[in-house]
$ cat data-v4.pdb   # PDB, C-alpha atoms
ATOM      1  CA  MET A   1     -22.641  15.984  -5.265
ATOM      2  CA  ASN A   2     -20.963  15.530  -8.673
ATOM      3  CA  ILE A   3     -17.201  15.242  -9.072
ATOM      4  CA  ALA A   4     -16.690  18.864 -10.135
ATOM      5  CA  GLN A   5     -18.660  20.186  -7.170
ATOM      6  CA  ASN A   6     -16.804  17.849  -4.830
ATOM      7  CA  ILE A   7     -13.388  18.979  -6.110
ATOM      8  CA  THR A   8     -14.420  22.645  -5.884
ATOM      9  CA  GLN A   9     -15.516  22.152  -2.291
ATOM     10  CA  LEU A  10     -12.353  20.239  -1.359
ATOM     11  CA  ASN A  11     -10.172  22.953  -2.858
ATOM     12  CA  ALA A  12     -12.130  25.605  -0.952
ATOM     13  CA  GLU A  13     -11.768  23.748   2.350
ATOM     14  CA  GLN A  14      -8.511  21.780   2.174
ATOM     15  CA  SER A  15      -6.164  23.131  -0.502
ATOM     16  CA  ILE A  16      -2.843  24.731   0.419
ATOM     17  CA  ALA A  17      -1.528  27.284  -2.086
ATOM     18  CA  GLY A  18       1.420  25.870  -4.001
ATOM     19  CA  ALA A  19       1.364  22.612  -2.035
ATOM     20  CA  VAL A  20      -1.993  20.793  -2.070
ATOM     21  CA  GLU A  21      -4.519  20.840  -4.918
ATOM     22  CA  PHE A  22      -7.563  18.654  -5.580
ATOM     23  CA  ILE A  23      -8.006  17.580  -9.194
ATOM     24  CA  GLU A  24     -10.099  15.277 -11.354
ATOM     25  CA  GLY A  25      -7.873  12.323 -12.147
ATOM     26  CA  SER A  26      -8.134   9.225 -14.317
ATOM     27  CA  GLY A  27     -11.629   7.772 -14.555
ATOM     28  CA  GLY A  28     -13.069  11.003 -13.150
ATOM     29  CA  LEU A  29     -11.846  10.135  -9.655
ATOM     30  CA  ALA A  30     -11.005  12.917  -7.208
ATOM     31  CA  MET A  31      -7.296  13.029  -6.484
ATOM     32  CA  ILE A  32      -4.872  15.071  -4.406
ATOM     33  CA  ARG A  33      -1.780  16.551  -6.025
ATOM     34  CA  VAL A  34       0.932  17.411  -3.502
ATOM     35  CA  SER A  35       4.033  19.487  -4.233
ATOM     36  CA  THR A  36       6.822  20.124  -1.739
ATOM     37  CA  PRO A  37      10.420  21.330  -2.150
ATOM     38  CA  LYS A  38      11.559  17.720  -1.637
ATOM     39  CA  ALA A  39       9.009  15.694  -3.608
ATOM     40  CA  LYS A  40       5.677  15.560  -5.372
ATOM     41  CA  ALA A  41       2.922  12.994  -4.937
ATOM     42  CA  LEU A  42      -0.471  11.942  -6.242
ATOM     43  CA  ILE A  43      -3.089  10.436  -3.916
ATOM     44  CA  SER A  44      -6.391   8.898  -4.969
ATOM     45  CA  ILE A  45      -9.247   9.608  -2.529
ATOM     46  CA  HIS A  46     -10.890   6.499  -3.965
ATOM     47  CA  ALA A  47      -9.046   3.671  -2.165
ATOM     48  CA  GLY A  48      -7.135   6.133   0.023
ATOM     49  CA  GLN A  49      -4.138   5.222  -2.099
ATOM     50  CA  VAL A  50      -0.850   6.950  -2.845
ATOM     51  CA  LEU A  51      -0.318   6.472  -6.589
ATOM     52  CA  SER A  52       2.922   8.382  -7.058
ATOM     53  CA  TYR A  53       5.787   9.638  -4.897
ATOM     54  CA  GLN A  54       8.606  11.275  -6.820
ATOM     55  CA  PRO A  55      11.488  12.937  -4.978
ATOM     56  CA  THR A  56      13.004  15.910  -6.781
ATOM     57  CA  ASP A  57      15.430  14.818  -9.528
ATOM     58  CA  GLU A  58      14.504  11.141  -9.041
ATOM     59  CA  GLU A  59      12.438   8.509 -10.806
ATOM     60  CA  ASP A  60       9.143   7.761  -9.093
ATOM     61  CA  LEU A  61       9.522   5.326  -6.191
ATOM     62  CA  LEU A  62       6.184   3.741  -7.051
ATOM     63  CA  PHE A  63       5.021   1.695 -10.011
ATOM     64  CA  LEU A  64       1.572   2.397 -11.459
ATOM     65  CA  SER A  65       0.131   0.261 -14.229
ATOM     66  CA  ASN A  66      -0.845   2.017 -17.455
ATOM     67  CA  LYS A  67      -3.823  -0.369 -17.568
ATOM     68  CA  ALA A  68      -4.997   0.214 -13.985
ATOM     69  CA  TYR A  69      -8.744   0.461 -13.373
ATOM     70  CA  TYR A  70     -10.065   3.798 -12.110
ATOM     71  CA  GLN A  71     -13.658   3.083 -11.171
ATOM     72  CA  ASN A  72     -15.832   2.479  -8.155
ATOM     73  CA  GLY A  73     -15.644  -1.061  -6.847
ATOM     74  CA  LYS A  74     -12.253  -1.732  -8.471
ATOM     75  CA  ALA A  75      -8.776  -1.698  -6.957
ATOM     76  CA  ILE A  76      -6.092   0.475  -8.606
ATOM     77  CA  LYS A  77      -3.090  -1.589  -9.736
ATOM     78  CA  GLY A  78       0.011   0.121  -8.402
ATOM     79  CA  GLY A  79       1.092   2.695  -5.866
ATOM     80  CA  ALA A  80       0.450   1.760  -2.241
ATOM     81  CA  PRO A  81      -2.913  -0.035  -1.880
ATOM     82  CA  ILE A  82      -4.315  -0.637   1.612
ATOM     83  CA  CYS A  83      -5.215  -4.225   2.520
ATOM     84  CA  TRP A  84      -7.653  -4.213   5.472
ATOM     85  CA  PRO A  85      -9.216  -5.726   7.616
ATOM     86  CA  TRP A  86      -7.717  -8.892   6.213
ATOM     87  CA  PHE A  87      -4.634  -9.569   4.137
ATOM     88  CA  GLY A  88      -4.985 -12.158   1.392
ATOM     89  CA  PRO A  89      -8.074 -14.296   0.805
ATOM     90  CA  ASP A  90     -11.225 -14.015   2.911
ATOM     91  CA  PRO A  91     -10.177 -15.623   6.235
ATOM     92  CA  GLU A  92     -13.701 -16.945   6.805
ATOM     93  CA  GLY A  93     -14.152 -18.316   3.285
ATOM     94  CA  LYS A  94     -17.349 -16.345   2.691
ATOM     95  CA  GLY A  95     -16.401 -15.177  -0.780
ATOM     96  CA  ARG A  96     -15.612 -11.648   0.299
ATOM     97  CA  PRO A  97     -12.963  -9.775  -1.744
ATOM     98  CA  GLY A  98      -9.295 -10.599  -1.306
ATOM     99  CA  HIS A  99      -7.341  -8.081   0.778
ATOM    100  CA  GLY A 100     -10.499  -6.656   2.349
ATOM    101  CA  PHE A 101     -12.820  -3.883   1.273
ATOM    102  CA  VAL A 102     -11.115  -0.515   1.780
ATOM    103  CA  ARG A 103      -9.009  -0.412  -1.394
ATOM    104  CA  ASN A 104     -12.043  -0.083  -3.645
ATOM    105  CA  ARG A 105     -14.168   2.576  -1.936
ATOM    106  CA  ALA A 106     -14.038   6.313  -1.307
ATOM    107  CA  TRP A 107     -12.292   7.698   1.757
ATOM    108  CA  LYS A 108     -12.874  11.087   3.378
ATOM    109  CA  VAL A 109     -10.259  13.847   3.467
ATOM    110  CA  THR A 110     -10.160  15.042   7.068
ATOM    111  CA  SER A 111      -7.181  17.423   6.959
ATOM    112  CA  THR A 112      -4.205  18.728   5.023
ATOM    113  CA  GLN A 113      -1.370  20.634   6.648
ATOM    114  CA  ALA A 114       2.099  21.983   6.026
ATOM    115  CA  ILE A 115       4.455  20.615   8.676
ATOM    116  CA  ALA A 116       8.148  20.817   9.556
ATOM    117  CA  ASN A 117      10.917  20.874   6.926
ATOM    118  CA  GLY A 118       8.539  21.766   4.110
ATOM    119  CA  ALA A 119       6.678  18.450   4.275
ATOM    120  CA  VAL A 120       2.922  18.081   3.770
ATOM    121  CA  LYS A 121       0.617  15.816   5.770
ATOM    122  CA  VAL A 122      -2.671  14.530   4.336
ATOM    123  CA  THR A 123      -5.098  12.663   6.593
ATOM    124  CA  LEU A 124      -7.784  10.374   5.190
ATOM    125  CA  GLU A 125     -10.466   8.482   7.068
ATOM    126  CA  LEU A 126     -12.921   5.656   6.585
ATOM    127  CA  SER A 127     -15.450   4.380   9.114
ATOM    128  CA  ASP A 128     -18.139   1.745   9.306
ATOM    129  CA  THR A 129     -21.379   2.124   7.339
ATOM    130  CA  PRO A 130     -24.412  -0.146   6.968
ATOM    131  CA  GLU A 131     -22.727  -1.497   3.815
ATOM    132  CA  THR A 132     -19.439  -2.339   5.540
ATOM    133  CA  MET A 133     -21.332  -3.895   8.462
ATOM    134  CA  GLU A 134     -22.866  -6.336   5.977
ATOM    135  CA  ILE A 135     -19.362  -7.311   4.828
ATOM    136  CA  TRP A 136     -17.581  -7.160   8.202
ATOM    137  CA  PRO A 137     -19.863  -6.568  11.228
ATOM    138  CA  ARG A 138     -17.485  -4.442  13.287
ATOM    139  CA  LYS A 139     -17.580  -0.760  14.238
ATOM    140  CA  PHE A 140     -14.316   0.914  13.350
ATOM    141  CA  GLU A 141     -12.515   4.087  12.418
ATOM    142  CA  LEU A 142      -9.616   3.748   9.980
ATOM    143  CA  VAL A 143      -7.250   6.698   9.585
ATOM    144  CA  GLN A 144      -4.353   7.026   7.164
ATOM    145  CA  GLU A 145      -1.751   9.728   7.709
ATOM    146  CA  ILE A 146       0.364  10.395   4.618
ATOM    147  CA  VAL A 147       3.465  12.585   4.963
ATOM    148  CA  ILE A 148       5.239  13.731   1.784
ATOM    149  CA  GLY A 149       8.723  15.145   2.251
ATOM    150  CA  ASP A 150      12.238  13.669   2.368
ATOM    151  CA  SER A 151      10.453  10.324   2.545
ATOM    152  CA  LEU A 152       6.959   8.967   1.985
ATOM    153  CA  ASN A 153       5.618   8.081   5.425
ATOM    154  CA  LEU A 154       2.388   6.080   5.746
ATOM    155  CA  THR A 155       0.640   5.453   9.057
ATOM    156  CA  LEU A 156      -2.501   3.316   9.162
ATOM    157  CA  ILE A 157      -4.426   3.675  12.430
ATOM    158  CA  THR A 158      -7.195   1.205  13.276
ATOM    159  CA  ARG A 159      -9.575   2.241  16.066
ATOM    160  CA  ASN A 160     -12.128  -0.094  17.579
ATOM    161  CA  THR A 161     -15.239   2.031  18.149
ATOM    162  CA  GLY A 162     -17.449  -0.924  19.038
ATOM    163  CA  THR A 163     -18.032  -2.901  22.223
ATOM    164  CA  ASP A 164     -16.256  -6.168  21.331
ATOM    165  CA  LEU A 165     -12.628  -7.028  20.641
ATOM    166  CA  PHE A 166     -11.878  -7.627  16.965
ATOM    167  CA  SER A 167      -8.879  -9.014  15.086
ATOM    168  CA  ILE A 168      -7.348  -7.874  11.816
ATOM    169  CA  THR A 169      -4.593  -8.627   9.363
ATOM    170  CA  GLN A 170      -3.502  -5.820   7.045
ATOM    171  CA  GLY A 171      -0.778  -4.355   4.898
ATOM    172  CA  PHE A 172       0.601  -1.691   2.604
ATOM    173  CA  HIS A 173       0.649  -3.656  -0.683
ATOM    174  CA  THR A 174       3.221  -1.280  -2.151
ATOM    175  CA  TYR A 175       4.430  -1.563  -5.751
ATOM    176  CA  PHE A 176       7.984  -0.247  -6.071
ATOM    177  CA  LYS A 177       9.293   0.784  -9.469
ATOM    178  CA  VAL A 178      12.501  -0.926 -10.550
ATOM    179  CA  GLY A 179      14.526  -0.520 -13.719
ATOM    180  CA  ASP A 180      14.845  -4.261 -14.349
ATOM    181  CA  ILE A 181      13.537  -7.011 -12.044
ATOM    182  CA  ASN A 182      16.523  -9.160 -13.038
ATOM    183  CA  GLN A 183      18.860  -6.586 -11.494
ATOM    184  CA  ALA A 184      16.843  -5.936  -8.332
ATOM    185  CA  SER A 185      17.162  -7.593  -4.926
ATOM    186  CA  VAL A 186      15.764  -7.208  -1.420
ATOM    187  CA  LEU A 187      18.184  -6.993   1.505
ATOM    188  CA  GLY A 188      17.425  -7.492   5.181
ATOM    189  CA  LEU A 189      15.495 -10.765   5.047
ATOM    190  CA  GLN A 190      18.497 -13.085   5.378
ATOM    191  CA  ASN A 191      17.753 -16.096   7.618
ATOM    192  CA  CYS A 192      14.078 -15.138   8.002
ATOM    193  CA  PRO A 193      11.595 -18.015   7.829
ATOM    194  CA  TYR A 194       8.960 -17.584   5.163
ATOM    195  CA  ILE A 195       5.779 -19.155   3.843
ATOM    196  CA  ASP A 196       6.058 -19.859   0.123
ATOM    197  CA  LYS A 197       2.574 -19.318  -1.308
ATOM    198  CA  THR A 198       3.710 -20.636  -4.714
ATOM    199  CA  ASP A 199       4.703 -23.978  -3.154
ATOM    200  CA  ASN A 200       1.608 -25.017  -1.183
ATOM    201  CA  SER A 201       2.554 -22.669   1.668
ATOM    202  CA  ALA A 202       5.726 -24.644   2.400
ATOM    203  CA  GLU A 203       7.826 -23.183   5.222
ATOM    204  CA  LYS A 204      11.344 -22.244   4.150
ATOM    205  CA  LYS A 205      14.261 -20.070   5.274
ATOM    206  CA  GLN A 206      15.781 -17.233   3.277
ATOM    207  CA  VAL A 207      19.424 -17.677   2.320
ATOM    208  CA  GLY A 208      21.167 -14.453   1.306
ATOM    209  CA  GLU A 209      19.415 -11.611  -0.491
ATOM    210  CA  VAL A 210      16.033 -12.053  -2.189
ATOM    211  CA  THR A 211      16.170 -12.136  -5.973
ATOM    212  CA  ILE A 212      13.253 -12.647  -8.350
ATOM    213  CA  VAL A 213      13.657 -15.306 -11.040
ATOM    214  CA  THR A 214      10.103 -16.705 -11.179
ATOM    215  CA  GLU A 215       6.645 -16.069  -9.733
ATOM    216  CA  THR A 216       7.252 -15.033  -6.112
ATOM    217  CA  ASP A 217       4.726 -14.784  -3.282
ATOM    218  CA  ARG A 218       6.281 -15.111   0.169
ATOM    219  CA  ILE A 219       5.226 -14.112   3.660
ATOM    220  CA  TYR A 220       8.425 -13.458   5.607
ATOM    221  CA  GLN A 221       8.222 -13.812   9.369
ATOM    222  CA  GLN A 222      10.264 -12.414  12.271
ATOM    223  CA  VAL A 223      11.363  -9.549  10.037
ATOM    224  CA  SER A 224      13.487  -6.585  11.072
ATOM    225  CA  ASN A 225      12.177  -3.035  10.764
ATOM    226  CA  THR A 226      14.641  -2.126   7.987
ATOM    227  CA  LEU A 227      14.562  -3.570   4.471
ATOM    228  CA  ILE A 228      16.365  -2.348   1.356
ATOM    229  CA  ILE A 229      15.472  -2.694  -2.323
ATOM    230  CA  ASP A 230      18.763  -2.633  -4.256
ATOM    231  CA  ASP A 231      17.878  -1.493  -7.777
ATOM    232  CA  LYS A 232      21.047  -1.667  -9.856
ATOM    233  CA  ALA A 233      19.312  -0.738 -13.114
ATOM    234  CA  LEU A 234      18.188   2.632 -11.694
ATOM    235  CA  ASP A 235      21.343   2.900  -9.579
ATOM    236  CA  ARG A 236      19.478   3.467  -6.319
ATOM    237  CA  CYS A 237      18.399   1.814  -3.122
ATOM    238  CA  ILE A 238      14.990   2.265  -1.523
ATOM    239  CA  GLN A 239      14.955   1.999   2.260
ATOM    240  CA  ILE A 240      11.798   0.648   3.895
ATOM    241  CA  LEU A 241      11.446   1.368   7.609
ATOM    242  CA  SER A 242       8.459  -0.108   9.427
ATOM    243  CA  GLN A 243       6.764  -0.221  12.812
ATOM    244  CA  GLY A 244       3.994  -2.446  14.123
ATOM    245  CA  ASN A 245       4.668  -5.496  11.965
ATOM    246  CA  ARG A 246       6.360  -8.871  12.360
ATOM    247  CA  THR A 247       5.808  -9.943   8.742
ATOM    248  CA  ALA A 248       6.609  -8.660   5.267
ATOM    249  CA  VAL A 249       5.487  -9.934   1.881
ATOM    250  CA  VAL A 250       7.552 -10.046  -1.303
ATOM    251  CA  TRP A 251       5.475 -10.483  -4.478
ATOM    252  CA  ASN A 252       6.035 -10.479  -8.201
ATOM    253  CA  PRO A 253       3.581 -12.200 -10.571
ATOM    254  CA  TRP A 254       6.192 -13.023 -13.239
ATOM    255  CA  GLU A 255       5.373 -13.527 -16.892
ATOM    256  CA  LYS A 256       2.365 -15.869 -16.984
ATOM    257  CA  ILE A 257       0.238 -14.082 -14.368
ATOM    258  CA  SER A 258       1.247 -10.650 -15.673
ATOM    259  CA  LYS A 259      -0.165 -11.657 -19.065
ATOM    260  CA  GLU A 260      -3.345 -12.985 -17.434
ATOM    261  CA  MET A 261      -4.048  -9.796 -15.457
ATOM    262  CA  ALA A 262      -6.169  -7.383 -17.493
ATOM    263  CA  ASP A 263      -4.858  -4.402 -15.524
ATOM    264  CA  LEU A 264      -1.165  -5.142 -16.198
ATOM    265  CA  GLU A 265       0.865  -4.930 -19.392
ATOM    266  CA  ASP A 266       2.336  -8.297 -20.363
ATOM    267  CA  SER A 267       5.864  -7.198 -19.460
ATOM    268  CA  ASP A 268       5.024  -5.138 -16.355
ATOM    269  CA  TYR A 269       6.433  -7.809 -14.032
ATOM    270  CA  GLN A 270       9.883  -6.670 -15.189
ATOM    271  CA  ARG A 271       9.279  -3.149 -13.853
ATOM    272  CA  PHE A 272       8.113  -3.593 -10.254
ATOM    273  CA  ILE A 273       8.518  -5.501  -7.044
ATOM    274  CA  CYS A 274       6.044  -5.499  -4.168
ATOM    275  CA  VAL A 275       7.707  -5.363  -0.754
ATOM    276  CA  GLU A 276       4.787  -5.137   1.624
ATOM    277  CA  THR A 277       4.722  -4.030   5.256
ATOM    278  CA  THR A 278       2.154  -6.397   6.735
ATOM    279  CA  ASN A 279       0.450  -8.041   9.633
ATOM    280  CA  ALA A 280      -0.140 -11.338   7.816
ATOM    281  CA  ALA A 281      -0.336 -15.089   8.477
ATOM    282  CA  SER A 282       0.085 -15.581  12.253
ATOM    283  CA  ASP A 283       0.814 -11.858  12.754
ATOM    284  CA  VAL A 284      -2.813 -11.188  13.729
ATOM    285  CA  ILE A 285      -3.643  -7.984  15.619
ATOM    286  CA  GLY A 286      -6.341  -7.947  18.296
ATOM    287  CA  ILE A 287      -7.808  -4.540  19.158
ATOM    288  CA  ALA A 288      -9.964  -4.050  22.230
ATOM    289  CA  PRO A 289     -12.911  -1.624  22.365
ATOM    290  CA  GLY A 290     -11.683   1.956  22.619
ATOM    291  CA  GLU A 291      -8.130   0.967  21.636
ATOM    292  CA  GLU A 292      -6.118   1.624  18.475
ATOM    293  CA  PHE A 293      -3.250   0.030  16.537
ATOM    294  CA  ARG A 294      -0.707   1.721  14.259
ATOM    295  CA  LEU A 295       1.090   0.215  11.263
ATOM    296  CA  VAL A 296       3.826   2.453   9.834
ATOM    297  CA  ALA A 297       5.906   2.294   6.651
ATOM    298  CA  ASP A 298       8.475   4.859   5.548
ATOM    299  CA  TYR A 299      10.038   4.868   2.064
ATOM    300  CA  GLN A 300      13.140   6.824   1.081
ATOM    301  CA  VAL A 301      15.753   6.765  -1.686
ATOM    302  CA  MET A 302      19.227   6.066  -0.359
ATOM    303  CA  ARG A 303      22.347   6.656  -2.454
TER
END
$ encode --input "data-v4.pdb" --output "structure tokens"
Amino acid sequence: MNIAQNITQLNAEQSIAGAVEFIEGSGGLAMIRVSTPKAKALISIHAGQVLSYQPTDEEDLLFLSNKAYYQNGKAIKGGAPICWPWFGPDPEGKGRPGHGFVRNRAWKVTSTQAIANGAVKVTLELSDTPETMEIWPRKFELVQEIVIGDSLNLTLITRNTGTDLFSITQGFHTYFKVGDINQASVLGLQNCPYIDKTDNSAEKKQVGEVTIVTETDRIYQQVSNTLIIDDKALDRCIQILSQGNRTAVVWNPWEKISKEMADLEDSDYQRFICVETTNAASDVIGIAPGEEFRLVADYQVMR
């Protein structure tokens, strides 16, 4: 089925008048445009990735690179990418892609629905195939529930449909838009131990709020379920509520790496901060056959 036929079929089966529309987006990828009284959003079916969430009368919460790739087999730089079934480099050292294999393949739209308070819920799904079994020999069903309303609520549900226990690490690798990285900070991580990936994985402890003054790649441990991005340049705070995680990652590539990345503008590091809801490092999740695990992140502007 070509892209036009696919979009026509999706609109026939899953569109909601005035609220959910399927469109051809950048790179010819099928995307979902959501409009509610509270906010609008753009979701790429490729990668199962929210690319934009913009509350009414607000700047977008999410950063999306103008140089992002929109093609099969490539990850989209920005929005809220899904890292699964491992976070970071291949844990077995087999040369498999960093952050797993679900952020560069097509998902399936299983439902769209209007729910309470004018919000819209979109459900996407991905399950094992012969190709994924070659990469990661586990039977699974991965479901993402995306709710667009007063907040952007993401729930990632991992179901073990096989006969053996498996373990995962994972995360929402979310890029938050900020007005100026030099005027942005992250609150709520005070006194948390963290692994500093830019310093040979040295173990350190956070003192005060997190500010970004150089390349930053930290896995915070023993985190609370409420973090705040204080963005003085845009005069707003973004509240991050989470469930199911004991770790969170703060990442910014800074100048050198931003220039080296073909899918970032040289100065893009000044315009985003990644604050990622994760199961990373020792926060490994074991899922028994027939069981499921939920990771939840909720993003909302607070003034």
$ resolve_selection --input "data-v4.pdb" --expression "the PyMOL selection byres ((chain A and resi 159) around 7)" --output "PyMOL selection string"
chain A and resi 140-142+157-158+160-161+290-293
$ residues_around --input "data-v4.pdb" --residues "A:Leu124" --least-positions-apart "2" --cutoff "8 Å" --atoms "all atoms listed in the file" --output "mmCIF file with C-alpha atoms, keeping the file's coordinate frame"
data_model
loop_
_atom_site.group_PDB
_atom_site.id
_atom_site.type_symbol
_atom_site.label_atom_id
_atom_site.label_comp_id
_atom_site.auth_asym_id
_atom_site.auth_seq_id
_atom_site.Cartn_x
_atom_site.Cartn_y
_atom_site.Cartn_z
ATOM 1 C CA ILE A 45 -9.247 9.608 -2.529
ATOM 2 C CA GLY A 48 -7.135 6.133 0.023
ATOM 3 C CA TRP A 107 -12.292 7.698 1.757
ATOM 4 C CA LYS A 108 -12.874 11.087 3.378
ATOM 5 C CA VAL A 109 -10.259 13.847 3.467
ATOM 6 C CA THR A 110 -10.160 15.042 7.068
ATOM 7 C CA SER A 111 -7.181 17.423 6.959
ATOM 8 C CA VAL A 122 -2.671 14.530 4.336
ATOM 9 C CA LEU A 126 -12.921 5.656 6.585
ATOM 10 C CA VAL A 143 -7.250 6.698 9.585
ATOM 11 C CA GLN A 144 -4.353 7.026 7.164
ATOM 12 C CA GLU A 145 -1.751 9.728 7.709
#
$ closest_residue --input "data-v4.pdb" --among "A:Gly78, A:Gly208, A:Gly93, A:Gly27" --to "A:Cys192" --atoms "all atoms listed in the file"
A:Gly208
$ resolve_selection --input "data-v4.pdb" --expression "the PyMOL selection byres ((chain A and resi 256-271) around 9)" --output "PyMOL selection string"
chain A and resi 63+65-69+76-77+176-182+215+252-255+272-273
$ residues_around --input "data-v4.pdb" --residues "stretch 12-19 of chain A" --least-positions-apart "5" --cutoff "9 Å" --atoms "only C-alpha atoms" --output "list in words"
Ile7, Arg33, Val34, Ser35, Thr36, Lys40, Val109, Thr110, Ser111, Thr112, Gln113, Ala114 and Val120 of chain A
